[in-house]
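**Student:** Structure file final.tsv (TSV, C-alpha atoms) is given on the next line.
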```
chain	number	residue	atom	x	y	z
J	209	MET	CA	99.46	89.73	76.08
J	210	LYS	CA	97.76	86.48	75.21
J	211	ASN	CA	94.16	87.70	75.52
J	212	ILE	CA	92.59	90.98	76.58
J	213	ARG	CA	89.21	91.30	78.29
J	214	HIS	CA	86.94	94.33	78.54
J	215	GLU	CA	83.80	94.59	80.63
J	216	LYS	CA	80.58	95.70	79.02
J	217	LYS	CA	80.37	99.51	78.88
J	218	SER	CA	77.49	101.13	76.99
J	219	THR	CA	78.03	104.80	77.89
J	220	PHE	CA	81.16	106.98	77.64
J	221	SER	CA	81.94	110.36	79.15
J	222	PRO	CA	83.55	112.91	76.78
J	223	THR	CA	86.96	111.49	75.87
J	224	ARG	CA	89.83	112.75	73.71
J	225	ILE	CA	91.55	110.10	71.58
J	226	PRO	CA	95.12	110.97	70.44
J	227	LEU	CA	94.98	109.08	67.15
J	228	PRO	CA	98.12	107.61	65.56
J	229	SER	CA	99.55	109.03	62.35
J	230	SER	CA	98.54	107.63	58.97
J	231	LYS	CA	100.42	104.49	57.96
J	232	SER	CA	99.36	104.98	54.33
J	233	GLU	CA	100.74	108.52	54.12
J	234	SER	CA	103.88	107.66	56.10
J	235	ASN	CA	104.90	104.72	53.92
J	236	ARG	CA	104.48	106.70	50.70
J	237	VAL	CA	106.33	109.73	52.04
J	238	LEU	CA	109.23	107.57	53.22
J	239	VAL	CA	109.75	106.16	49.71
J	240	ILE	CA	109.45	109.62	48.13
J	241	ASP	CA	111.86	111.02	50.72
J	242	SER	CA	114.41	108.33	49.83
J	243	LEU	CA	114.10	109.22	46.13
J	244	THR	CA	114.50	112.97	46.68
J	245	GLU	CA	117.83	114.61	45.86
J	246	GLY	CA	118.07	116.88	48.86
J	247	GLU	CA	116.88	116.88	52.43
J	248	ASN	CA	113.19	116.82	53.35
J	249	THR	CA	111.73	117.65	56.75
J	250	ILE	CA	109.24	114.87	57.49
J	251	SER	CA	107.34	114.95	60.79
J	252	ASN	CA	104.67	112.93	62.62
J	253	LEU	CA	105.51	109.58	61.00
J	254	ALA	CA	103.33	106.64	62.05
J	255	GLU	CA	104.19	104.46	65.04
J	256	ALA	CA	102.77	101.46	63.14
J	257	ARG	CA	105.05	98.42	62.83
J	258	ASP	CA	104.69	98.57	59.03
J	259	THR	CA	106.08	102.10	58.99
J	260	GLN	CA	108.83	101.38	61.52
J	261	THR	CA	109.84	98.41	59.36
J	262	MET	CA	110.01	100.71	56.31
J	263	ILE	CA	112.16	103.22	58.21
J	264	ARG	CA	114.53	100.50	59.43
J	265	LEU	CA	115.00	98.94	55.98
J	266	LEU	CA	115.48	102.25	54.18
J	267	THR	CA	117.90	103.51	56.83
J	268	LYS	CA	120.03	100.38	57.27
J	269	ASN	CA	119.64	99.12	53.68
J	270	PRO	CA	120.45	95.45	54.47
J	271	PRO	CA	121.02	92.91	51.65
J	272	VAL	CA	117.73	91.22	52.60
J	273	PHE	CA	114.59	93.32	52.90
J	274	ASP	CA	112.51	91.33	55.39
J	275	VAL	CA	109.21	93.25	55.45
J	276	LEU	CA	107.61	90.93	58.05
J	277	ASP	CA	103.83	91.12	57.41
J	278	ALA	CA	103.76	94.54	55.74
J	279	GLY	CA	102.15	94.29	52.32
J	280	THR	CA	102.63	97.98	51.48
J	281	THR	CA	106.30	97.78	52.45
J	282	MET	CA	106.78	94.66	50.30
J	283	ARG	CA	105.30	96.26	47.20
J	284	PHE	CA	106.84	99.71	47.58
J	285	LEU	CA	110.34	98.43	48.37
J	286	THR	CA	110.29	96.02	45.42
J	287	ALA	CA	109.82	98.98	43.08
J	288	TYR	CA	112.30	101.06	45.12
J	289	ALA	CA	115.01	98.39	44.79
J	290	VAL	CA	114.45	98.37	41.02
J	291	ILE	CA	114.65	102.13	40.48
J	292	THR	CA	117.72	102.46	42.74
J	293	ASN	CA	119.31	99.59	40.77
J	294	GLN	CA	120.05	97.44	43.80
J	295	TYR	CA	120.36	93.69	44.25
J	296	LYS	CA	117.96	92.68	47.02
J	297	ILE	CA	116.31	89.59	48.42
J	298	ILE	CA	112.79	90.66	49.46
J	299	THR	CA	110.83	88.40	51.77
J	300	GLY	CA	108.41	88.37	54.71
J	301	THR	CA	106.34	86.20	57.00
J	302	PRO	CA	104.83	82.94	55.73
J	303	ARG	CA	101.48	84.74	55.21
J	304	MET	CA	103.24	87.57	53.36
J	305	CYS	CA	104.75	85.00	51.02
J	306	GLU	CA	101.24	83.74	50.25
J	307	ARG	CA	100.08	87.18	49.08
J	308	PRO	CA	100.37	87.65	45.30
J	309	ILE	CA	102.81	90.09	43.77
J	310	GLY	CA	102.88	88.89	40.15
J	311	ILE	CA	101.09	91.92	38.69
J	312	LEU	CA	103.73	94.28	40.11
J	313	VAL	CA	106.63	92.04	39.08
J	314	ASP	CA	105.26	91.82	35.52
J	315	ALA	CA	104.98	95.62	35.35
J	316	LEU	CA	108.54	96.09	36.62
J	317	ARG	CA	109.83	93.49	34.16
J	318	ASP	CA	108.04	95.33	31.36
J	319	ILE	CA	110.06	98.48	32.04
J	320	GLY	CA	113.31	96.50	32.17
J	321	ALA	CA	113.75	95.15	35.70
J	322	GLU	CA	115.34	91.77	36.34
J	323	ILE	CA	113.36	89.98	39.07
J	324	HIS	CA	113.26	86.28	39.91
J	325	TYR	CA	110.86	84.30	42.08
J	326	MET	CA	112.74	82.29	44.68
J	327	ALA	CA	109.85	79.90	45.44
J	328	ALA	CA	106.33	79.87	43.99
J	329	GLU	CA	105.71	81.75	40.74
J	330	GLY	CA	103.88	85.01	41.40
J	331	PHE	CA	104.68	85.19	45.12
J	332	PRO	CA	107.52	86.35	47.40
J	333	PRO	CA	110.32	85.86	48.20
J	334	LEU	CA	111.90	87.77	45.33
J	335	ALA	CA	115.41	88.31	44.05
J	336	VAL	CA	115.63	91.80	42.55
J	337	HIS	CA	118.60	92.57	40.31
J	338	GLY	CA	117.87	96.21	39.55
J	339	LEU	CA	117.16	98.03	36.29
J	340	ALA	CA	119.78	97.99	33.57
J	341	GLY	CA	117.84	100.30	31.24
J	342	GLN	CA	114.27	101.36	30.51
J	343	LYS	CA	112.71	99.16	27.82
J	344	THR	CA	109.38	100.98	27.51
J	345	GLU	CA	107.57	104.02	28.86
J	346	LYS	CA	104.08	102.50	28.48
J	347	ILE	CA	102.65	99.71	30.62
J	348	SER	CA	99.24	98.31	31.52
J	349	ILE	CA	98.13	97.18	35.00
J	350	ARG	CA	94.85	95.70	36.19
J	351	GLY	CA	93.08	98.22	38.39
J	352	ASP	CA	90.89	95.79	40.30
J	353	VAL	CA	93.43	93.80	42.34
J	354	SER	CA	95.60	96.09	44.48
J	355	SER	CA	96.12	99.83	44.21
J	356	GLN	CA	99.50	99.33	45.92
J	357	TYR	CA	100.93	97.88	42.70
J	358	ILE	CA	99.91	101.07	40.89
J	359	SER	CA	101.18	103.36	43.65
J	360	ALA	CA	104.53	101.53	43.66
J	361	MET	CA	104.93	102.15	39.92
J	362	LEU	CA	103.80	105.76	40.17
J	363	MET	CA	106.35	106.69	42.85
J	364	ILE	CA	109.28	105.46	40.75
J	365	ALA	CA	107.84	106.83	37.48
J	366	PRO	CA	109.47	110.30	37.58
J	367	MET	CA	112.88	108.68	38.13
J	368	LEU	CA	112.65	106.70	34.88
J	369	PRO	CA	114.59	108.31	32.00
J	370	LYS	CA	111.48	108.29	29.76
J	371	GLY	CA	108.92	108.78	32.51
J	372	LEU	CA	105.98	106.39	32.57
J	373	GLU	CA	102.47	106.05	31.16
J	374	ILE	CA	100.23	103.60	33.03
J	375	GLU	CA	97.02	102.29	31.50
J	376	LEU	CA	94.64	101.01	34.17
J	377	LEU	CA	92.70	98.01	32.92
J	378	GLY	CA	89.12	97.28	33.98
J	379	LYS	CA	87.45	98.48	37.16
J	380	ILE	CA	89.73	100.61	39.34
J	381	GLY	CA	89.62	99.65	43.03
J	382	SER	CA	90.83	101.78	45.96
J	383	ILE	CA	91.09	104.78	43.65
J	384	SER	CA	91.46	107.09	46.65
J	385	TYR	CA	94.82	105.47	47.48
J	386	ILE	CA	96.07	106.14	43.94
J	387	GLN	CA	94.89	109.73	44.29
J	388	MET	CA	96.69	109.98	47.64
J	389	THR	CA	99.94	108.77	46.07
J	390	LEU	CA	99.70	111.33	43.26
J	391	GLN	CA	98.78	114.15	45.65
J	392	LEU	CA	101.74	113.34	47.88
J	393	MET	CA	104.03	113.23	44.86
J	394	ALA	CA	102.69	116.66	43.87
J	395	GLN	CA	103.62	118.04	47.29
J	396	PHE	CA	107.19	117.04	46.45
J	397	GLY	CA	107.04	118.84	43.09
J	398	VAL	CA	106.13	115.97	40.74
J	399	LYS	CA	103.47	116.62	38.08
J	400	HIS	CA	101.20	114.15	36.34
J	401	VAL	CA	98.28	113.99	33.90
J	402	TRP	CA	95.37	111.59	34.52
J	403	LYS	CA	92.86	111.29	31.70
J	404	GLU	CA	90.23	108.55	31.77
J	405	ASN	CA	92.16	105.34	32.56
J	406	VAL	CA	95.67	106.58	31.68
J	407	ILE	CA	98.11	108.24	34.09
J	408	LYS	CA	101.20	109.94	32.61
J	409	VAL	CA	104.17	110.92	34.78
J	410	PRO	CA	107.00	112.63	32.84
J	411	HIS	CA	110.67	112.28	33.80
J	412	GLN	CA	111.39	114.81	36.56
J	413	THR	CA	112.89	115.08	40.04
J	414	TYR	CA	111.35	115.19	43.49
J	415	SER	CA	111.90	118.55	45.20
J	416	PRO	CA	112.83	118.80	48.89
J	417	THR	CA	110.00	120.05	51.08
J	418	GLN	CA	108.47	119.96	54.57
J	419	PHE	CA	105.65	117.53	55.26
J	420	SER	CA	103.67	116.54	58.35
J	421	VAL	CA	101.70	113.28	58.27
J	422	GLU	CA	98.00	113.49	59.15
J	423	SER	CA	96.32	111.30	61.78
J	424	ASP	CA	95.00	107.96	60.55
J	425	TRP	CA	91.40	107.82	59.31
J	426	SER	CA	91.47	104.01	59.27
J	427	GLY	CA	92.27	104.10	62.98
J	428	ALA	CA	89.60	106.73	63.51
J	429	SER	CA	86.92	104.46	62.04
J	430	TYR	CA	86.90	102.18	65.10
J	431	TRP	CA	85.97	105.10	67.36
J	432	PHE	CA	83.13	106.14	65.04
J	433	SER	CA	81.87	102.56	65.23
J	434	LEU	CA	82.17	102.41	69.01
J	435	LEU	CA	80.07	105.55	69.42
J	436	ALA	CA	77.49	104.35	66.89
J	437	CYS	CA	76.96	101.22	69.01
J	438	ALA	CA	76.99	102.98	72.42
J	439	ASP	CA	73.89	104.20	74.25
J	440	GLU	CA	75.51	107.54	75.10
J	441	GLY	CA	78.86	109.19	74.59
J	442	GLU	CA	81.02	111.88	73.06
J	443	LEU	CA	84.49	111.54	71.53
J	444	PHE	CA	87.07	113.98	70.17
J	445	LEU	CA	89.51	112.48	67.66
J	446	GLN	CA	92.71	114.48	67.47
J	447	GLY	CA	94.66	115.37	64.34
J	448	LEU	CA	92.08	114.78	61.59
J	449	LYS	CA	91.55	117.23	58.72
J	450	GLU	CA	88.40	117.90	56.72
J	451	ASP	CA	90.38	118.10	53.45
J	452	SER	CA	92.11	114.76	54.01
J	453	LEU	CA	94.08	112.86	51.36
J	454	GLN	CA	92.91	109.57	52.88
J	455	GLY	CA	90.04	107.67	51.29
J	456	ASP	CA	88.96	106.25	54.64
J	457	SER	CA	87.68	109.72	55.59
J	458	LYS	CA	84.53	108.34	53.91
J	459	ILE	CA	83.74	106.98	57.38
J	460	VAL	CA	82.20	110.40	58.16
J	461	GLU	CA	79.58	109.91	55.44
J	462	ILE	CA	78.93	106.27	56.34
J	463	MET	CA	78.56	106.88	60.07
J	464	ASP	CA	76.28	109.86	59.47
J	465	GLN	CA	73.80	107.21	58.31
J	466	LEU	CA	74.53	104.98	61.33
J	467	GLY	CA	74.02	107.46	64.15
J	468	VAL	CA	77.21	109.53	64.51
J	469	LYS	CA	77.33	113.30	64.01
J	470	SER	CA	80.75	114.70	63.02
J	471	GLU	CA	81.87	118.26	63.63
J	472	PHE	CA	85.34	119.43	62.54
J	473	GLN	CA	86.93	121.72	65.10
J	474	THR	CA	90.41	123.11	65.72
J	475	GLY	CA	92.73	120.16	66.17
J	476	GLY	CA	90.39	117.36	65.15
J	477	ILE	CA	86.78	116.17	64.95
J	478	LYS	CA	84.04	115.95	67.60
J	479	LEU	CA	81.73	112.92	67.48
J	480	THR	CA	78.29	112.88	69.11
J	481	LYS	CA	75.25	110.63	68.94
J	482	GLN	CA	72.37	111.31	66.56
J	483	LYS	CA	69.38	109.39	65.26
J	484	VAL	CA	70.16	106.49	62.91
J	485	LYS	CA	69.11	107.43	59.38
J	486	GLY	CA	69.73	103.96	57.93
J	487	LEU	CA	72.16	102.49	55.43
J	488	LYS	CA	70.78	100.24	52.70
J	489	SER	CA	73.97	99.56	50.75
J	490	TRP	CA	77.61	100.59	50.45
J	491	ASP	CA	80.34	100.02	47.86
J	492	PHE	CA	83.73	99.54	49.51
J	493	THR	CA	85.72	99.53	46.25
J	494	ASN	CA	87.53	102.74	47.24
J	495	CYS	CA	87.70	102.13	51.00
J	496	PRO	CA	88.08	98.36	51.59
J	497	ASP	CA	89.77	98.82	54.98
J	498	LEU	CA	86.47	100.15	56.35
J	499	ALA	CA	84.51	97.00	55.50
J	500	GLN	CA	85.12	95.13	58.75
J	501	THR	CA	84.34	98.21	60.84
J	502	VAL	CA	81.05	98.93	59.09
J	503	ALA	CA	79.98	95.27	59.03
J	504	VAL	CA	80.37	94.94	62.80
J	505	THR	CA	78.61	98.26	63.40
J	506	CYS	CA	75.60	97.25	61.31
J	507	ALA	CA	75.49	93.81	62.93
J	508	ILE	CA	75.29	95.38	66.40
J	509	ILE	CA	72.84	98.21	65.75
J	510	GLY	CA	70.43	96.13	63.66
J	511	GLN	CA	71.05	97.33	60.11
J	512	LYS	CA	70.55	94.90	57.24
J	513	VAL	CA	72.86	96.15	54.49
J	514	ASP	CA	74.13	95.06	51.07
J	515	PHE	CA	77.89	95.42	50.59
J	516	THR	CA	79.86	95.44	47.32
J	517	GLY	CA	83.50	96.09	46.47
J	518	LEU	CA	84.86	93.45	48.84
J	519	GLU	CA	86.96	91.60	46.24
J	520	SER	CA	90.36	92.60	47.68
J	521	LEU	CA	89.47	91.43	51.21
J	522	ARG	CA	90.37	87.82	50.42
J	523	ILE	CA	94.08	88.68	49.84
J	524	LYS	CA	94.68	90.88	52.87
J	525	GLU	CA	96.40	89.85	56.12
J	526	THR	CA	93.86	87.05	56.21
J	527	ASP	CA	90.80	86.13	54.13
J	528	ARG	CA	88.80	88.91	55.74
J	529	ILE	CA	85.48	87.76	54.30
J	530	LEU	CA	85.83	84.32	55.84
J	531	ALA	CA	87.14	85.79	59.11
J	532	LEU	CA	84.18	88.18	59.31
J	533	GLN	CA	81.71	85.40	58.64
J	534	GLN	CA	83.16	83.23	61.40
J	535	GLU	CA	83.36	85.94	64.05
J	536	LEU	CA	80.00	87.57	63.27
J	537	ALA	CA	78.41	84.16	63.79
J	538	LYS	CA	79.58	84.22	67.42
J	539	PHE	CA	76.94	86.84	68.18
J	540	ASN	CA	74.30	85.59	65.76
J	541	ALA	CA	75.02	87.88	62.80
J	542	GLN	CA	75.74	86.78	59.22
J	543	LEU	CA	77.56	87.97	56.12
J	544	LEU	CA	75.94	86.13	53.22
J	545	GLU	CA	77.56	85.96	49.78
J	546	GLY	CA	75.10	86.46	46.93
J	547	GLU	CA	75.46	86.94	43.18
J	548	ASN	CA	77.52	89.53	41.31
J	549	GLY	CA	79.77	90.29	44.27
J	550	VAL	CA	76.96	91.37	46.60
J	551	PHE	CA	77.23	90.45	50.30
J	552	THR	CA	74.29	90.92	52.66
J	553	LEU	CA	74.87	91.71	56.33
J	554	ILE	CA	72.18	90.16	58.51
J	555	PRO	CA	72.29	91.82	61.95
J	556	SER	CA	72.28	90.07	65.29
J	557	ILE	CA	69.01	89.41	67.08
J	558	GLU	CA	70.65	88.29	70.31
J	559	ILE	CA	74.17	88.89	71.65
J	560	PRO	CA	75.58	86.45	74.26
J	561	ASP	CA	76.72	87.61	77.70
J	562	GLU	CA	80.35	87.22	76.61
J	563	VAL	CA	82.01	86.95	73.20
J	564	THR	CA	85.57	85.85	72.37
J	565	ILE	CA	86.96	87.17	69.08
J	566	LYS	CA	89.74	85.46	67.15
J	567	THR	CA	92.00	87.89	65.27
J	568	TYR	CA	93.59	85.73	62.51
J	569	ASP	CA	96.92	87.65	62.62
J	570	ASP	CA	94.90	90.63	61.33
J	571	HIS	CA	95.09	93.98	63.14
J	572	ARG	CA	91.76	95.14	61.72
J	573	MET	CA	89.91	92.10	63.06
J	574	ALA	CA	91.03	92.98	66.59
J	575	MET	CA	89.95	96.62	66.35
J	576	ALA	CA	86.78	96.24	64.28
J	577	PHE	CA	85.09	94.08	66.92
J	578	LEU	CA	85.78	96.48	69.83
J	579	PRO	CA	82.22	97.96	69.69
J	580	LEU	CA	80.89	94.66	71.06
J	581	VAL	CA	81.86	96.04	74.51
J	582	THR	CA	78.79	98.27	74.31
J	583	LYS	CA	76.56	95.17	74.44
J	584	THR	CA	78.55	92.39	76.15
J	585	ASN	CA	81.81	91.41	77.82
J	586	LEU	CA	84.51	91.09	75.17
J	587	ILE	CA	87.62	88.93	75.00
J	588	VAL	CA	90.07	89.51	72.13
J	589	GLU	CA	92.65	86.84	71.33
J	590	ASP	CA	96.20	87.87	70.36
J	591	PRO	CA	95.48	91.58	70.90
J	592	GLU	CA	99.06	92.57	70.01
J	593	VAL	CA	98.21	92.24	66.32
J	594	VAL	CA	97.21	95.91	66.52
J	595	ASN	CA	100.93	96.78	66.53
J	596	LYS	CA	100.87	96.50	62.75
J	597	SER	CA	99.00	99.79	62.40
J	598	TYR	CA	97.92	101.15	65.81
J	599	PRO	CA	100.23	100.04	68.67
J	600	SER	CA	98.61	102.40	71.21
J	601	PHE	CA	95.06	101.17	70.50
J	602	TRP	CA	94.49	99.31	73.77
J	603	LYS	CA	95.98	102.21	75.76
J	604	HIS	CA	93.46	104.49	74.08
J	605	VAL	CA	90.63	102.04	74.83
J	606	ALA	CA	91.66	102.22	78.50
J	607	LEU	CA	90.89	105.96	78.46
J	608	LEU	CA	87.20	105.08	78.17
J	609	TYR	CA	87.26	103.18	81.44
J	610	LYS	CA	88.79	105.93	83.60
```
Could you show the structure in this file as C-alpha cells?
**Tutor:**
Amino acid sequence: MKNIRHEKKSTFSPTRIPLPSSKSESNRVLVIDSLTEGENTISNLAEARDTQTMIRLLTKNPPVFDVLDAGTTMRFLTAYAVITNQYKIITGTPRMCERPIGILVDALRDIGAEIHYMAAEGFPPLAVHGLAGQKTEKISIRGDVSSQYISAMLMIAPMLPKGLEIELLGKIGSISYIQMTLQLMAQFGVKHVWKENVIKVPHQTYSPTQFSVESDWSGASYWFSLLACADEGELFLQGLKEDSLQGDSKIVEIMDQLGVKSEFQTGGIKLTKQKVKGLKSWDFTNCPDLAQTVAVTCAIIGQKVDFTGLESLRIKETDRILALQQELAKFNAQLLEGENGVFTLIPSIEIPDEVTIKTYDDHRMAMAFLPLVTKTNLIVEDPEVVNKSYPSFWKHVALLYK
C-alpha cells in the first residue's frame, strides 16, 4: 500500500470497533513472563509489530537482537540481556540507532553491567556482555527524558541480589507508564515502596500467574478524535476497562471537553456526541502519545489550546513536534512554540477540498490525522506504518464506510 485515500464522511452510523490489545502492557508482561520461574498463562497479547518483535526475540533468542523500530523493545531487552547475563548485539533501524539510550546504559553500568557502544557514544547499536556482579543497589535516573529507561530498570530490579533503589531526578515524565510497570509487577507477586522520588524494589521472585492484556487506550484515542470532529455518530470501543492501568485512558477526560460523551458498558465503552465544553490547556507530561491526536482534534473543531509536556516528542519515531507543524499547515492550522515549553495550537479557519498527509515513518502520524475525513477527502502516505502498533487500523476504518 503506497497511499490510501478516504472520501469525506462527516456522519457515522453506530459502529463497533474491535480495538487491538495494549502494546505497552504486552511488552512489559512479556519481559516479566521471561523472568518468571514457572509458567504463566498470558492471553490477548498485542498484534502490534513491536510486540511481535519482542515475542520473536525472546522465543528464538538469537545472538543479535534486531528490534527494528521498536523503542520499548530496545530498552527493555537491553536490561533483560544484562540481568540474564547474556552476550548480545542489540541494534535496530537507522532511525532507532539515532534515538538516545545513554541514560539507560549508564544506569546498567552503575549496577555492574558491561556494555559497549558499537558506533556513536550514547546510541545503539550496543554490545552487551551481561552482569558479572552487582556493584550497587542505589542508582539515580533523570525522570524527564523517557519513562522506558526507568521501567526497564524496575523490571529487572527484583532479580538483582541486593534489589534496587532508584532515585528519580527532576521532573518525572510519563509517570503513568512507571505506575503501569509497577502495577504489572505486583500482579506477578513483586512488591515495591515508592516514597516521594525514590522507588525501592527488594530482591524477590516473580510468581507465576494468569494475565489478560487490556485493549489499547492509545489506539482508542483516534476513535474519540474522529467522533469529536464528526457531525453525527456513535461508536462502541471493545475491550476497554474503567480501572485501566494505561495512562492514555486520560483521553476520556480530554475528549469530554471536546465533545465526546463516554459511557462504560459491559465489554467496552460507548461514545456519543455532546456539546463542546472547551479546552484551554493540557499538560501531556504523563500521556505524550495523545499529543498528536488532541492537536489534530483541536485544529479541526476550532479550539485554540496551550499545550505543555511535549519535551519527549522530539525523540520519538520522528520529531513529532516538527512533523505536526508541517502537516497541520496543510489545512491552515499551526502549532507555535512559545516560552517555557508552551506550545499554542491555532485552529484551522479553512480546510482544503483534499489533504495529503505525510507519515514520517511514524504510526501515530498516520492515525492522528484520520479525523480530517470528517471535513475533506484524505490521502495518507505510507499507511502501513500503522503496523507498528495497530495493524488492523485501516480495516477498522473501513467499517465506517459500510
**Student:** Rounded to one decimal, what separation in Å do you get between atom CA of J:Ser452 and atom CA of J:Ala365?
**Tutor:**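 That distance, rounded to one decimal, is 24.2 Å.
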**Student:** Enumerate, as a ChimeraX atom specification, the protein, DNA and RNA residues whose atoms approach (95.4, 113.5, 63.8) to within 6 Å, taking into account only C-alpha atoms and the coordinate frame of the file.
**Tutor:** /J:227,422-423,446-448
**Student:** Rank J:Met573, J:Ile250, J:Leu238, J:Leu578 by their smallest atom-to-atom distance to J:Ala606, using all atoms listed in the file, and report the top residue only.
**Tutor:**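 Checking each candidate against J:Ala606, we get J:Leu578 as the closest.
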**Student:** Counting all atoms listed in the file, what is within 9 Å of J:Arg350, bar same-chain residues fewer than 2 positions away, as number ranges by chain?
**Tutor:** J: 311, 348, 352-354, 358, 375-380
**Student:** Could those residues be written to a file, using C-alpha atoms, as a PDB file, in the frame of the given file?
**Tutor:**
```pdb
ATOM      1  CA  ILE J 311     101.090  91.920  38.690  1.00  0.00           C
ATOM      2  CA  SER J 348      99.240  98.310  31.520  1.00  0.00           C
ATOM      3  CA  ASP J 352      90.890  95.790  40.300  1.00  0.00           C
ATOM      4  CA  VAL J 353      93.430  93.800  42.340  1.00  0.00           C
ATOM      5  CA  SER J 354      95.600  96.090  44.480  1.00  0.00           C
ATOM      6  CA  ILE J 358      99.910 101.070  40.890  1.00  0.00           C
ATOM      7  CA  GLU J 375      97.020 102.290  31.500  1.00  0.00           C
ATOM      8  CA  LEU J 376      94.640 101.010  34.170  1.00  0.00           C
ATOM      9  CA  LEU J 377      92.700  98.010  32.920  1.00  0.00           C
ATOM     10  CA  GLY J 378      89.120  97.280  33.980  1.00  0.00           C
ATOM     11  CA  LYS J 379      87.450  98.480  37.160  1.00  0.00           C
ATOM     12  CA  ILE J 380      89.730 100.610  39.340  1.00  0.00           C
TER      13      ILE J 380
END
```
**Student:** For J:Phe601, which residue among J:Ala428, J:Ala537, J:Ile459, J:Met388 is the nearest when counting only C-alpha atoms?
**Tutor:**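 Among J:Ala428, J:Ala537, J:Ile459, J:Met388, it is J:Ala428 that comes nearest to J:Phe601.
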**Student:** Please list as a ChimeraX atom specification every residue within 8 Å of J:Thr244, counting all atoms listed in the file and excluding residues in the same chain fewer than 5 positions away.
**Tutor:** /J:413-416
**Student:** Which polymer residues have any atom within 10 Å of an atom of stretch 239-241 of chain J, counting only C-alpha atoms, with same-chain residues fewer than 5 positions away left out, as a list of chain:residue names?
**Tutor:**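 The residues that qualify are J:Ser234, J:Gly246, J:Glu247, J:Asn248, J:Thr249, J:Ile250, J:Met262, J:Ile263, J:Leu266, J:Thr281, J:Phe284, J:Leu285, J:Ala287, J:Tyr288, J:Ala360, J:Met363, J:Ile364, J:Thr389, J:Leu392, J:Met393, J:Phe396, J:Tyr414, J:Ser415, J:Pro416, J:Thr417.
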**Student:** Select, from J:Lys296, J:His400, J:His604, J:Lys210, the residue with the minimum atom-to-atom distance to J:Glu592, counting only C-alpha atoms.
**Tutor:**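 Of J:Lys296, J:His400, J:His604, J:Lys210, the one nearest J:Glu592, counting only C-alpha atoms, is J:Lys210.
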**Student:** Could you tell me which of J:Trp425, J:Phe472, J:Phe432, J:Tyr568 comes closest to J:Ser457 if we count all atoms listed in the file?
**Tutor:** J:Trp425
**Student:** Would you pick out the contacts of J:Lys566 at 8 Å or less, using all atoms listed in the file, so that residues sharing its chain but fewer than 6 positions from it are not included, and give the list as a PyMOL selection string?
**Tutor:** chain J and resi 535+573-574+588-590
**Student:** Quick one: residues within 12 Å of J:Ile297, all atoms listed in the file, excluding same-chain residues fewer than 5 positions away - as a ChimeraX atom specification?
**Tutor:** /J:269-275,282,285-286,289-290,323-326,332-338
**Student:** Calculated over only C-alpha atoms, which of the candidates J:Cys437, J:Ile319, J:Ile477, J:Val484 has the smallest distance to J:Lys449?
**Tutor:**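 The answer is J:Ile477, which sits nearest to J:Lys449.
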**Student:** I need the residue nearest J:Ile298 from this list: J:Lys603, J:Lys485, J:Arg283, J:Asp439. Use only C-alpha atoms for the distance.
**Tutor:** J:Arg283
**Student:** May I ask for the distance between atom CA of J:Gly427 and atom CA of J:Lys268, given in Å to one decimal place?
**Tutor:**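 Atom CA of J:Lys268 lies at a distance of 28.6 Å from atom CA of J:Gly427.
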**Student:** Would you work out the distance separating atom CA of J:Glu306 from atom CA of J:Leu276, expressed in Å to one decimal?
**Tutor:**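 Distance between the two atoms: 12.4 Å.
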**Student:** What would the list of residues within 10 Å of (78.4, 102.3, 49.4) (file frame) look like as a list in words, if all atoms listed in the file are what count?
**Tutor:**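 Here the neighbourhood of the point contains Lys458, Glu461, Ile462, Leu487, Lys488, Ser489, Trp490, Asp491, Phe492, Thr493, Asn494, Cys495, Val513, Asp514, Phe515, Thr516 and Gly517 of chain J.
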**Student:** Write the selection just made, keeping C-alpha atoms, as a compact mmCIF listing (two decimals), in the frame of the given file?
**Tutor:**
```txt
# COMPACT_ATOMS: atom_id res chain seq x y z
CA LYS J 458 84.53 108.34 53.91
CA GLU J 461 79.58 109.91 55.44
CA ILE J 462 78.93 106.27 56.34
CA LEU J 487 72.16 102.49 55.43
CA LYS J 488 70.78 100.24 52.70
CA SER J 489 73.97 99.56 50.75
CA TRP J 490 77.61 100.59 50.45
CA ASP J 491 80.34 100.02 47.86
CA PHE J 492 83.73 99.54 49.51
CA THR J 493 85.72 99.53 46.25
CA ASN J 494 87.53 102.74 47.24
CA CYS J 495 87.70 102.13 51.00
CA VAL J 513 72.86 96.15 54.49
CA ASP J 514 74.13 95.06 51.07
CA PHE J 515 77.89 95.42 50.59
CA THR J 516 79.86 95.44 47.32
CA GLY J 517 83.50 96.09 46.47
```
